[in-house]
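Undergrad: File entry-v3.txt below, compact mmCIF, C-alpha atoms:
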```
# COMPACT_ATOMS: atom_id res chain seq x y z
CA MET A 127 35.04 18.16 18.08
CA LYS A 128 33.55 21.58 17.53
CA ASN A 129 30.09 22.27 18.84
CA SER A 130 28.87 23.19 15.37
CA THR A 131 30.02 19.82 14.05
CA VAL A 132 28.18 18.02 16.82
CA ARG A 133 25.06 20.02 16.11
CA GLY A 134 25.37 19.30 12.41
CA LEU A 135 25.62 15.58 13.06
CA ALA A 136 22.68 15.75 15.44
CA LEU A 137 20.65 17.47 12.76
CA ILE A 138 21.49 14.78 10.23
CA VAL A 139 20.41 12.12 12.71
CA VAL A 140 17.12 13.95 13.37
CA VAL A 141 16.34 14.41 9.67
CA ALA A 142 17.28 10.81 8.90
CA GLY A 143 15.10 9.67 11.77
CA PHE A 144 12.10 11.55 10.37
CA TYR A 145 12.77 10.16 6.93
CA PHE A 146 12.92 6.55 8.02
CA ALA A 147 9.97 7.00 10.37
CA ILE A 148 7.71 7.92 7.48
CA ARG A 149 8.96 5.24 5.16
CA ARG A 150 6.91 2.15 5.21
CA HIS A 151 8.72 -0.95 6.29
CA ALA A 152 8.92 -3.72 3.79
CA VAL A 153 8.18 -7.28 4.61
CA LEU A 154 10.08 -9.72 2.52
CA THR A 155 8.89 -13.23 2.21
CA GLY A 156 11.93 -15.11 1.07
CA VAL A 157 12.28 -18.52 -0.45
CA GLY A 158 10.27 -20.94 1.56
CA GLY A 159 7.51 -18.44 2.25
CA ARG A 160 3.97 -19.08 1.14
CA GLY A 161 3.69 -19.29 -2.61
CA ILE A 162 7.42 -19.34 -3.25
CA SER A 163 8.57 -21.92 -5.82
CA ALA A 164 5.01 -22.42 -6.98
CA LEU A 165 4.23 -21.93 -10.62
CA ALA A 166 2.90 -18.40 -11.07
CA PRO A 167 -0.83 -18.65 -11.82
CA ASP A 168 -1.51 -17.73 -15.41
CA PHE A 169 -3.94 -14.97 -16.25
CA SER A 170 -5.20 -13.01 -19.20
CA LEU A 171 -6.29 -9.44 -18.56
CA PRO A 172 -6.74 -6.33 -20.71
CA ASP A 173 -3.98 -3.76 -20.56
CA LEU A 174 -4.63 -0.02 -20.66
CA THR A 175 -4.97 -0.10 -24.44
CA GLY A 176 -7.54 -2.86 -24.25
CA GLN A 177 -5.25 -5.61 -25.56
CA GLU A 178 -5.19 -8.89 -23.71
CA LEU A 179 -2.01 -9.62 -21.82
CA ASP A 180 -1.24 -13.27 -21.14
CA LEU A 181 1.29 -13.98 -18.44
CA SER A 182 2.19 -17.25 -20.15
CA SER A 183 3.48 -15.34 -23.19
CA TYR A 184 6.33 -14.03 -21.03
CA ARG A 185 7.66 -17.49 -20.18
CA GLY A 186 11.43 -17.43 -20.62
CA LYS A 187 11.67 -13.93 -19.22
CA VAL A 188 12.12 -12.86 -15.64
CA VAL A 189 8.85 -11.20 -14.69
CA LEU A 190 8.26 -8.76 -11.88
CA LEU A 191 4.53 -8.76 -11.24
CA ASP A 192 3.63 -5.64 -9.29
CA PHE A 193 0.22 -5.26 -7.66
CA TRP A 194 -0.29 -1.57 -7.07
CA ALA A 195 -2.74 1.31 -7.16
CA THR A 196 -2.49 4.98 -7.99
CA TRP A 197 -3.79 6.00 -4.56
CA CYS A 198 -1.14 3.92 -2.73
CA ASP A 199 1.77 6.21 -1.93
CA SER A 200 4.32 3.46 -1.44
CA CYS A 201 3.28 2.01 -4.78
CA ARG A 202 3.77 5.38 -6.42
CA ASP A 203 7.21 5.72 -4.85
CA GLU A 204 8.28 2.45 -6.44
CA ILE A 205 7.19 3.24 -9.99
CA PRO A 206 10.18 5.41 -11.03
CA HIS A 207 12.50 2.67 -9.73
CA PHE A 208 10.62 0.05 -11.73
CA VAL A 209 10.83 2.21 -14.85
CA GLU A 210 14.57 2.42 -14.28
CA LEU A 211 14.88 -1.34 -13.74
CA GLN A 212 12.93 -2.01 -16.93
CA ASN A 213 15.25 0.30 -18.85
CA LYS A 214 18.34 -1.23 -17.32
CA TYR A 215 17.50 -4.92 -17.59
CA GLY A 216 14.83 -5.12 -20.28
CA ASP A 217 17.24 -6.27 -22.94
CA GLN A 218 18.55 -8.97 -20.61
CA GLY A 219 15.11 -10.48 -20.23
CA LEU A 220 13.36 -8.56 -17.47
CA GLN A 221 9.70 -7.77 -17.99
CA ILE A 222 7.84 -5.80 -15.37
CA ILE A 223 4.06 -6.09 -15.45
CA GLY A 224 1.87 -3.84 -13.34
CA VAL A 225 -1.48 -5.04 -12.05
CA SER A 226 -3.51 -2.05 -11.01
CA MET A 227 -5.99 -2.62 -8.22
CA ASP A 228 -7.64 0.74 -8.83
CA ASP A 229 -11.40 0.64 -9.16
CA GLY A 230 -11.26 2.00 -12.72
CA PRO A 231 -8.70 2.60 -15.49
CA GLU A 232 -8.98 6.39 -15.81
CA PRO A 233 -6.60 7.40 -12.99
CA VAL A 234 -4.25 4.62 -14.10
CA ARG A 235 -4.06 5.92 -17.67
CA GLU A 236 -3.33 9.41 -16.42
CA PHE A 237 -0.72 8.10 -14.00
CA TYR A 238 0.86 5.94 -16.72
CA GLN A 239 1.44 8.98 -18.92
CA ARG A 240 2.58 11.24 -16.12
CA PHE A 241 5.18 8.79 -14.82
CA LYS A 242 6.25 7.73 -18.32
CA MET A 243 5.79 4.09 -17.44
CA ASN A 244 7.58 1.79 -19.87
CA TYR A 245 5.99 -1.56 -19.05
CA PRO A 246 2.48 -2.93 -19.48
CA VAL A 247 -0.18 -2.41 -16.85
CA VAL A 248 -3.34 -4.48 -16.66
CA MET A 249 -6.43 -3.77 -14.62
CA GLY A 250 -6.63 -6.28 -11.80
CA ASN A 251 -9.69 -7.70 -10.14
CA ALA A 252 -10.61 -9.83 -7.18
CA LYS A 253 -10.08 -13.02 -9.19
CA ILE A 254 -6.42 -12.38 -9.91
CA GLY A 255 -5.98 -11.26 -6.31
CA GLU A 256 -7.31 -14.60 -5.13
CA LEU A 257 -5.19 -16.48 -7.68
CA TYR A 258 -2.14 -14.94 -6.06
CA GLY A 259 -3.14 -15.85 -2.54
CA GLY A 260 -5.16 -12.72 -1.78
CA VAL A 261 -3.87 -9.27 -2.56
CA LEU A 262 -5.21 -7.68 0.60
CA GLY A 263 -2.71 -4.91 0.97
CA LEU A 264 -0.53 -2.95 -1.40
CA PRO A 265 1.98 -3.01 -2.85
CA ILE A 266 2.75 -6.68 -3.35
CA ALA A 267 5.33 -7.78 -5.87
CA PHE A 268 6.08 -11.27 -7.12
CA LEU A 269 9.33 -12.10 -8.85
CA ILE A 270 8.86 -14.89 -11.36
CA GLY A 271 11.79 -16.79 -12.81
CA ARG A 272 12.33 -17.74 -16.44
CA ASP A 273 10.72 -21.11 -15.72
CA GLY A 274 7.52 -19.45 -14.55
CA ARG A 275 8.04 -20.14 -10.88
CA ILE A 276 7.61 -17.53 -8.16
CA THR A 277 11.01 -16.90 -6.62
CA ALA A 278 10.18 -14.09 -4.20
CA LYS A 279 7.22 -12.23 -2.80
CA HIS A 280 7.54 -8.74 -1.37
CA ILE A 281 4.77 -7.34 0.76
CA GLY A 282 4.91 -3.61 1.28
CA ALA A 283 7.40 -1.10 -0.06
CA THR A 284 10.32 -2.99 -1.47
CA ASP A 285 13.96 -2.23 -0.85
CA ILE A 286 14.88 -1.66 -4.48
CA SER A 287 18.51 -2.70 -3.98
CA VAL A 288 17.36 -6.06 -2.61
CA LEU A 289 14.94 -6.47 -5.47
CA GLU A 290 17.57 -5.57 -8.03
CA LYS A 291 19.91 -8.22 -6.64
CA GLU A 292 17.15 -10.79 -6.90
CA ILE A 293 16.39 -9.75 -10.46
CA VAL A 294 20.04 -9.96 -11.48
CA ARG A 295 20.27 -13.41 -9.89
CA GLN A 296 17.24 -14.56 -11.85
CA LEU A 297 18.47 -13.03 -15.08
CA ARG A 298 21.69 -15.00 -14.73
CA ASP A 299 19.71 -18.19 -14.31
CA LYS A 300 19.50 -19.68 -17.77
CA THR A 301 17.27 -22.56 -16.77
CA GLU A 302 14.31 -21.29 -18.75
CA SER A 303 14.26 -24.48 -20.74
CA ARG A 304 13.55 -26.45 -17.58
CA SER A 305 10.12 -27.95 -17.67
CA PRO A 306 7.64 -26.02 -15.50
CA GLY A 307 6.34 -29.28 -14.19
CA SER A 308 9.72 -30.56 -13.06
CA MET B 297 22.23 43.84 12.28
CA SER B 298 24.36 40.75 11.80
CA LEU B 299 24.40 37.68 13.97
CA PRO B 300 27.70 36.95 15.73
CA ILE B 301 29.45 34.15 13.86
CA LYS B 302 29.42 31.78 16.84
CA PHE B 303 25.61 31.78 16.85
CA ARG B 304 25.22 31.04 13.14
CA PRO B 305 25.49 27.22 13.45
CA ILE B 306 22.80 27.29 16.14
CA LEU B 307 20.53 29.39 13.94
CA LEU B 308 21.15 27.06 11.00
CA PHE B 309 20.34 24.07 13.22
CA PHE B 310 16.99 25.55 14.25
CA ILE B 311 16.07 26.62 10.73
CA LEU B 312 16.83 23.22 9.23
CA GLY B 313 15.18 21.46 12.16
CA THR B 314 12.03 23.54 11.70
CA VAL B 315 11.97 22.86 7.98
CA ALA B 316 12.45 19.11 8.53
CA THR B 317 9.66 19.04 11.11
CA ALA B 318 7.32 21.03 8.85
CA LEU B 319 8.01 18.71 5.91
CA THR B 320 7.36 15.71 8.10
CA PHE B 321 4.00 17.10 9.21
CA VAL B 322 3.07 17.81 5.59
CA ALA B 323 3.98 14.23 4.67
CA LEU B 324 1.96 12.86 7.56
CA ALA B 325 -0.97 15.22 7.17
CA TYR B 326 -3.26 12.68 5.56
CA GLN B 327 -1.92 9.72 7.41
CA ALA B 328 -3.75 7.56 9.83
CA SER B 329 -1.05 8.04 12.46
CA LEU B 330 -2.53 11.45 13.23
CA ILE B 331 -5.81 9.92 14.39
CA PRO B 332 -5.89 10.09 18.20
CA SER B 333 -5.55 6.70 19.86
CA SER B 334 -8.84 7.31 21.69
CA ARG B 335 -10.59 7.03 18.33
CA LEU B 336 -9.02 3.69 17.42
CA ILE B 337 -10.35 0.20 17.91
CA ASN B 338 -8.26 -2.95 17.68
CA PRO B 339 -9.37 -5.94 15.61
CA ASP B 340 -9.83 -8.18 18.65
CA GLU B 341 -11.98 -5.54 20.38
CA LEU B 342 -14.17 -5.23 17.31
CA VAL B 343 -14.54 -8.99 16.99
CA LYS B 344 -15.65 -9.20 20.63
CA ILE B 345 -18.26 -6.52 20.02
CA LEU B 346 -19.51 -8.26 16.89
CA GLN B 347 -19.69 -11.62 18.60
CA SER B 348 -21.30 -10.37 21.77
CA ALA B 349 -25.01 -10.97 22.16
CA LYS B 350 -25.35 -7.64 23.92
CA GLY B 351 -24.51 -4.07 23.04
CA GLU B 352 -24.86 -1.82 20.04
CA LYS B 353 -23.42 -3.18 16.83
CA PRO B 354 -21.53 -0.66 14.76
CA LEU B 355 -22.18 0.40 11.23
CA MET B 356 -18.95 -0.76 9.59
CA ILE B 357 -17.76 1.05 6.51
CA GLN B 358 -14.82 0.08 4.32
CA VAL B 359 -13.28 3.23 2.90
CA GLY B 360 -10.62 1.65 0.69
CA SER B 361 -10.51 -0.14 -2.63
CA HIS B 362 -13.46 -2.04 -4.07
CA VAL B 363 -11.16 -4.71 -5.54
CA LEU B 364 -9.74 -5.36 -2.07
CA TYR B 365 -13.24 -5.32 -0.53
CA THR B 366 -14.47 -7.87 -3.05
CA GLN B 367 -11.65 -10.24 -2.12
CA ALA B 368 -12.26 -10.00 1.61
CA HIS B 369 -14.15 -7.77 4.00
CA ILE B 370 -15.68 -7.81 7.44
CA PRO B 371 -19.10 -9.49 7.24
CA GLY B 372 -21.82 -6.90 7.39
CA SER B 373 -19.54 -4.03 6.46
CA GLU B 374 -20.37 -1.75 3.55
CA TYR B 375 -18.11 -0.56 0.78
CA ILE B 376 -18.39 3.18 0.31
CA GLY B 377 -15.41 4.27 -1.80
CA PRO B 378 -11.88 5.38 -1.01
CA GLY B 379 -11.66 8.07 1.65
CA SER B 380 -8.78 9.60 -0.26
CA SER B 381 -11.09 10.64 -3.09
CA GLU B 382 -13.74 13.33 -3.05
CA SER B 383 -16.24 10.94 -4.60
CA GLY B 384 -15.59 8.46 -1.80
CA LEU B 385 -16.10 11.13 0.83
CA GLN B 386 -19.31 12.28 -0.85
CA SER B 387 -20.63 8.73 -0.81
CA LEU B 388 -19.71 8.47 2.85
CA ARG B 389 -21.47 11.70 3.76
CA LYS B 390 -24.54 10.65 1.80
CA ARG B 391 -24.63 7.25 3.51
CA VAL B 392 -24.58 8.66 7.04
CA GLU B 393 -26.29 12.03 6.70
CA SER B 394 -29.64 10.83 7.98
CA LEU B 395 -28.19 8.88 10.92
CA PRO B 396 -28.25 10.08 14.54
CA ARG B 397 -24.93 11.67 15.39
CA LYS B 398 -24.39 9.19 18.22
CA THR B 399 -24.46 6.20 15.84
CA PHE B 400 -21.61 3.81 16.50
CA ILE B 401 -19.58 3.76 13.28
CA VAL B 402 -16.40 1.81 12.56
CA LEU B 403 -14.29 2.86 9.60
CA TYR B 404 -11.65 0.60 8.16
CA CYS B 405 -9.41 0.17 5.15
CA GLY B 406 -6.29 -2.02 5.47
CA CYS B 407 -4.98 -1.21 2.02
CA CYS B 408 -1.54 -0.33 3.29
CA PRO B 409 0.49 -0.14 6.48
CA TRP B 410 -1.16 2.19 8.99
CA ASN B 411 1.16 5.16 8.48
CA HIS B 412 0.59 5.06 4.75
CA CYS B 413 -3.13 4.52 4.55
CA PRO B 414 -4.52 7.48 2.60
CA ASN B 415 -8.15 6.62 3.26
CA VAL B 416 -9.08 6.36 6.92
CA LYS B 417 -8.05 9.79 8.14
CA PRO B 418 -10.02 11.81 5.57
CA ALA B 419 -13.03 9.59 6.23
CA ASP B 420 -12.69 10.01 9.99
CA ASP B 421 -12.30 13.77 9.59
CA ALA B 422 -15.42 13.91 7.41
CA LEU B 423 -17.56 12.12 9.98
CA HIS B 424 -16.31 14.28 12.81
CA ALA B 425 -16.96 17.39 10.75
CA MET B 426 -20.54 16.19 10.41
CA GLY B 427 -20.84 15.93 14.17
CA PHE B 428 -20.58 12.18 14.65
CA THR B 429 -19.33 11.49 18.16
CA ASN B 430 -19.03 7.71 18.28
CA VAL B 431 -16.71 6.93 15.40
CA LYS B 432 -13.89 4.44 15.71
CA VAL B 433 -11.23 3.61 13.18
CA LEU B 434 -10.07 0.01 13.00
CA TYR B 435 -6.36 -0.10 13.69
CA ILE B 436 -4.77 -2.29 11.02
CA PRO B 437 -1.00 -1.97 11.38
CA GLY B 438 0.08 -3.92 8.28
CA ASN B 439 -2.78 -4.66 5.95
CA PHE B 440 -6.18 -6.32 6.00
CA GLY B 441 -4.72 -9.62 4.84
CA MET B 442 -2.10 -9.90 7.56
CA ASP B 443 -4.01 -8.32 10.42
CA TRP B 444 -7.51 -9.61 9.86
CA VAL B 445 -7.78 -12.47 7.37
CA GLU B 446 -4.68 -14.36 8.48
CA LYS B 447 -5.64 -13.88 12.14
CA GLY B 448 -8.72 -15.96 11.48
CA TYR B 449 -11.27 -13.21 12.07
CA PRO B 450 -14.58 -13.50 10.20
CA VAL B 451 -14.41 -12.69 6.51
CA ALA B 452 -16.91 -12.32 3.70
CA LYS B 453 -16.25 -12.13 -0.02
CA GLY B 454 -17.95 -10.53 -2.98
CA ASP B 455 -19.97 -7.35 -3.35
```
I need this file expressed as structure tokens, please.

TA:
Amino acid sequence: MKNSTVRGLALIVVVAGFYFAIRRHAVLTGVGGRGISALAPDFSLPDLTGQELDLSSYRGKVVLLDFWATWCDSCRDEIPHFVELQNKYGDQGLQIIGVSMDDGPEPVREFYQRFKMNYPVVMGNAKIGELYGGVLGLPIAFLIGRDGRITAKHIGATDISVLEKEIVRQLRDKTESRSPGS
Amino acid sequence: MSLPIKFRPILLFFILGTVATALTFVALAYQASLIPSSRLINPDELVKILQSAKGEKPLMIQVGSHVLYTQAHIPGSEYIGPGSSESGLQSLRKRVESLPRKTFIVLYCGCCPWNHCPNVKPADDALHAMGFTNVKVLYIPGNFGMDWVEKGYPVAKGD
């Protein structure tokens, strides 16, 4: 192998190493983790337009509930992927809902416009954080099945390909008519 | 003057390597990983200090999100505003400006994994720029939930 080829490969390894070093690792809590299979706690919170958003009104859809903040860089990195997922799977029953943990709505409104977000965002508070087991680090995303049950919880930056597979699996699950209490 | 062709791959390697390194430093510029380890304090060390009957107790300041602080914070710590915002840094400067520069101060956040926390490094830099010499930053590798609350360390809620 030519020296230049070896050097080129070495360079790729170095650059890739830097890239992965600065990416935050994601911690995936799979089925069986805390909160998985539990009914997603219902909430009603104002969205950025001031209208109340009730989680229960999305029953029958697959909901990705994303706790995030504008100052959280890993959260920001995920937003374009979520916009894409909403575009791709919205008509199949996916509904992404953002819960901003910013201290006020102004930076969120600006961010919403700038990133052309296509799903509702509500302003979170400590109460909803506690309802979901304590949102004491961001981002945290909950995937909620059509029956309203939490099927996955992702702490930290999420591997979008993993998340997409989970979403597709949930979208294929037509058990939305199953009683939430069963 | 042109470079002999056999040296061009080497030159390319160094140019790209330099660019990659520079970009990495830019990306890490605000990150907590640039805080020297001598300025860090681990959760268990802090708990020992807080629980000890002797010794100076630190002024503990949370420099992250108020919503996260309200859910859980270190008892006795104060919320000051995110260190990533100018308003948060102004509040921090105002809070400490009258204090002796040897005051033992512990900054913490825990919003995000250590390498991605946007808040602690600007806050640490601000205190050092003011001449504070006894500042420690609480090392929270994952987040406050995983590395403090779930470890069973003391927690308070509310404002």

Undergrad: Pick the closest to Glu290 (chain A) from A:Leu262, A:Leu165, A:Val189, A:Leu211: which is it, counting all atoms listed in the file?

TA: A:Leu211

Undergrad: What is the CA of Lys453 (chain B)-CA of Tyr365 (chain B) distance in Å, reported with one decimal?

TA: 7.5 Å

Undergrad: Point out the residue among B:Gly427, B:Phe400, B:Cys407, B:Leu307 with the least atom-to-atom distance to Ile345 (chain B), counting all atoms listed in the file.

TA: B:Phe400

Undergrad: Taking only residues of chain B that have an atom at most 8 Å from an atom of chain A, what is each one's shortest atom pair and its distance in Å to one decimal, using only C-alpha atoms, in chain and number order, as a Markdown table?

TA:
```
| residue | atom | partner | partner_atom | distance |
| --- | --- | --- | --- | --- |
| B:Pro305 | CA | A:Ser130 | CA | 5.6 |
| B:Ile306 | CA | A:Ser130 | CA | 7.4 |
| B:Phe309 | CA | A:Leu137 | CA | 6.6 |
| B:Leu312 | CA | A:Leu137 | CA | 7.8 |
| B:Gly313 | CA | A:Leu137 | CA | 6.8 |
| B:Ala316 | CA | A:Val141 | CA | 6.2 |
| B:Thr317 | CA | A:Phe144 | CA | 7.9 |
| B:Thr320 | CA | A:Phe144 | CA | 6.7 |
| B:Ala323 | CA | A:Ile148 | CA | 7.9 |
| B:Leu324 | CA | A:Ile148 | CA | 7.6 |
| B:Ser361 | CA | A:Asp229 | CA | 6.6 |
| B:His362 | CA | A:Asp229 | CA | 6.1 |
| B:Val363 | CA | A:Ala252 | CA | 5.4 |
| B:Leu364 | CA | A:Leu262 | CA | 5.7 |
| B:Thr366 | CA | A:Ala252 | CA | 6.0 |
| B:Gln367 | CA | A:Ala252 | CA | 5.2 |
| B:Ala368 | CA | A:Leu262 | CA | 7.5 |
| B:Ser380 | CA | A:Trp197 | CA | 7.5 |
| B:Gly406 | CA | A:Gly263 | CA | 6.4 |
| B:Cys407 | CA | A:Gly263 | CA | 4.5 |
| B:Cys408 | CA | A:Gly263 | CA | 5.3 |
| B:Pro409 | CA | A:Arg150 | CA | 6.9 |
| B:Asn411 | CA | A:Ile148 | CA | 7.2 |
| B:His412 | CA | A:Asp199 | CA | 6.9 |
| B:Cys413 | CA | A:Cys198 | CA | 7.6 |
| B:Pro414 | CA | A:Cys198 | CA | 7.2 |
| B:Gly438 | CA | A:Gly263 | CA | 7.9 |
| B:Asn439 | CA | A:Gly263 | CA | 5.0 |
| B:Phe440 | CA | A:Leu262 | CA | 5.7 |
| B:Gly441 | CA | A:Leu262 | CA | 4.7 |
| B:Met442 | CA | A:Leu262 | CA | 7.9 |
```

Undergrad: Which value, in Å to one decimal, gives the distance between CA of Leu385 (chain B) and CA of Lys432 (chain B)?

TA: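 Atom-to-atom, CA of Leu385 (chain B) and CA of Lys432 (chain B) are spaced 16.5 Å apart.
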
Undergrad: List the spatial neighbours of His369 (chain B) as a VMD selection string - criterion: any atom at most 9 Å away, all atoms listed in the file, same-chain residues fewer than 5 positions off excluded.

TA: chain B and resid 358 364 374 to 375 440 445 450 to 454

Undergrad: What is the CA of Pro378 (chain B)-CA of Gly176 (chain A) distance in Å, reported with one decimal?

TA: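 If I compute the distance from CA of Pro378 (chain B) to CA of Gly176 (chain A), I get 25.0 Å.
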
Undergrad: Which neighbours of Thr429 (chain B) fall inside 9 Å, counting all atoms listed in the file, when residues of the same chain fewer than 6 positions from it are skipped, and could you give them as a ChimeraX atom specification?

TA: /B:397-400,423

Undergrad: Contacts of Phe208 (chain A) at 12 Å or less, counting all atoms listed in the file, minus same-chain residues fewer than 6 places along, as a short mmCIF file (atom, residue, chain, number, x, y, z; two decimals) with C-alpha atoms, keeping the file's coordinate frame?

TA:
```
data_model
loop_
_atom_site.label_atom_id
_atom_site.label_comp_id
_atom_site.auth_asym_id
_atom_site.auth_seq_id
_atom_site.Cartn_x
_atom_site.Cartn_y
_atom_site.Cartn_z
CA VAL A 189 8.85 -11.20 -14.69
CA LEU A 190 8.26 -8.76 -11.88
CA LEU A 191 4.53 -8.76 -11.24
CA ASP A 192 3.63 -5.64 -9.29
CA TRP A 194 -0.29 -1.57 -7.07
CA CYS A 201 3.28 2.01 -4.78
CA ARG A 202 3.77 5.38 -6.42
CA LYS A 214 18.34 -1.23 -17.32
CA TYR A 215 17.50 -4.92 -17.59
CA GLY A 216 14.83 -5.12 -20.28
CA LEU A 220 13.36 -8.56 -17.47
CA GLN A 221 9.70 -7.77 -17.99
CA ILE A 222 7.84 -5.80 -15.37
CA ILE A 223 4.06 -6.09 -15.45
CA GLY A 224 1.87 -3.84 -13.34
CA PHE A 241 5.18 8.79 -14.82
CA LYS A 242 6.25 7.73 -18.32
CA MET A 243 5.79 4.09 -17.44
CA ASN A 244 7.58 1.79 -19.87
CA TYR A 245 5.99 -1.56 -19.05
CA PRO A 246 2.48 -2.93 -19.48
CA ALA A 267 5.33 -7.78 -5.87
CA THR A 284 10.32 -2.99 -1.47
CA ASP A 285 13.96 -2.23 -0.85
CA ILE A 286 14.88 -1.66 -4.48
CA SER A 287 18.51 -2.70 -3.98
CA LEU A 289 14.94 -6.47 -5.47
CA GLU A 290 17.57 -5.57 -8.03
CA ILE A 293 16.39 -9.75 -10.46
#
```

Undergrad: Dump N, CA and C atoms of region 379-400 of chain B from the given block, as an mmCIF file, in the first residue's frame.

TA:
```cif
data_model
loop_
_atom_site.group_PDB
_atom_site.id
_atom_site.type_symbol
_atom_site.label_atom_id
_atom_site.label_comp_id
_atom_site.auth_asym_id
_atom_site.auth_seq_id
_atom_site.Cartn_x
_atom_site.Cartn_y
_atom_site.Cartn_z
ATOM 1 N N GLY B 379 -25.058 29.608 33.106
ATOM 2 C CA GLY B 379 -23.751 30.200 32.819
ATOM 3 C C GLY B 379 -23.517 30.421 31.339
ATOM 4 N N SER B 380 -24.352 29.824 30.517
ATOM 5 C CA SER B 380 -24.194 29.989 29.072
ATOM 6 C C SER B 380 -24.821 31.285 28.581
ATOM 7 N N SER B 381 -25.559 31.972 29.457
ATOM 8 C CA SER B 381 -26.195 33.215 29.035
ATOM 9 C C SER B 381 -25.535 34.405 29.729
ATOM 10 N N GLU B 382 -25.540 35.531 29.059
ATOM 11 C CA GLU B 382 -24.930 36.726 29.643
ATOM 12 C C GLU B 382 -25.684 37.152 30.892
ATOM 13 N N SER B 383 -27.014 36.970 30.870
ATOM 14 C CA SER B 383 -27.779 37.368 32.061
ATOM 15 C C SER B 383 -27.417 36.484 33.254
ATOM 16 N N GLY B 384 -27.188 35.199 32.978
ATOM 17 C CA GLY B 384 -26.774 34.297 34.058
ATOM 18 C C GLY B 384 -25.416 34.696 34.615
ATOM 19 N N LEU B 385 -24.505 35.046 33.743
ATOM 20 C CA LEU B 385 -23.168 35.442 34.197
ATOM 21 C C LEU B 385 -23.220 36.761 34.974
ATOM 22 N N GLN B 386 -24.090 37.654 34.540
ATOM 23 C CA GLN B 386 -24.233 38.926 35.270
ATOM 24 C C GLN B 386 -24.767 38.682 36.673
ATOM 25 N N SER B 387 -25.750 37.775 36.759
ATOM 26 C CA SER B 387 -26.296 37.447 38.091
ATOM 27 C C SER B 387 -25.215 36.830 38.971
ATOM 28 N N LEU B 388 -24.397 36.000 38.357
ATOM 29 C CA LEU B 388 -23.320 35.348 39.111
ATOM 30 C C LEU B 388 -22.331 36.393 39.626
ATOM 31 N N ARG B 389 -21.925 37.277 38.754
ATOM 32 C CA ARG B 389 -20.956 38.311 39.157
ATOM 33 C C ARG B 389 -21.526 39.178 40.278
ATOM 34 N N LYS B 390 -22.804 39.513 40.125
ATOM 35 C CA LYS B 390 -23.454 40.359 41.132
ATOM 36 C C LYS B 390 -23.509 39.640 42.479
ATOM 37 N N ARG B 391 -23.797 38.339 42.436
ATOM 38 C CA ARG B 391 -23.933 37.567 43.685
ATOM 39 C C ARG B 391 -22.616 37.504 44.457
ATOM 40 N N VAL B 392 -21.504 37.438 43.743
ATOM 41 C CA VAL B 392 -20.228 37.188 44.433
ATOM 42 C C VAL B 392 -19.337 38.426 44.539
ATOM 43 N N GLU B 393 -19.747 39.532 43.937
ATOM 44 C CA GLU B 393 -18.807 40.657 43.833
ATOM 45 C C GLU B 393 -18.313 41.180 45.172
ATOM 46 N N SER B 394 -19.153 41.073 46.201
ATOM 47 C CA SER B 394 -18.743 41.619 47.494
ATOM 48 C C SER B 394 -18.004 40.597 48.362
ATOM 49 N N LEU B 395 -17.852 39.383 47.862
ATOM 50 C CA LEU B 395 -17.246 38.323 48.675
ATOM 51 C C LEU B 395 -15.717 38.369 48.611
ATOM 52 N N PRO B 396 -15.059 37.947 49.710
ATOM 53 C CA PRO B 396 -13.598 37.841 49.666
ATOM 54 C C PRO B 396 -13.181 36.879 48.554
ATOM 55 N N ARG B 397 -12.096 37.189 47.913
ATOM 56 C CA ARG B 397 -11.683 36.383 46.750
ATOM 57 C C ARG B 397 -11.204 34.989 47.132
ATOM 58 N N LYS B 398 -11.055 34.727 48.417
ATOM 59 C CA LYS B 398 -10.662 33.373 48.843
ATOM 60 C C LYS B 398 -11.876 32.519 49.221
ATOM 61 N N THR B 399 -13.061 33.059 49.044
ATOM 62 C CA THR B 399 -14.288 32.314 49.394
ATOM 63 C C THR B 399 -14.325 30.986 48.630
ATOM 64 N N PHE B 400 -14.675 29.959 49.376
ATOM 65 C CA PHE B 400 -14.790 28.618 48.785
ATOM 66 C C PHE B 400 -16.140 28.559 48.048
#
```
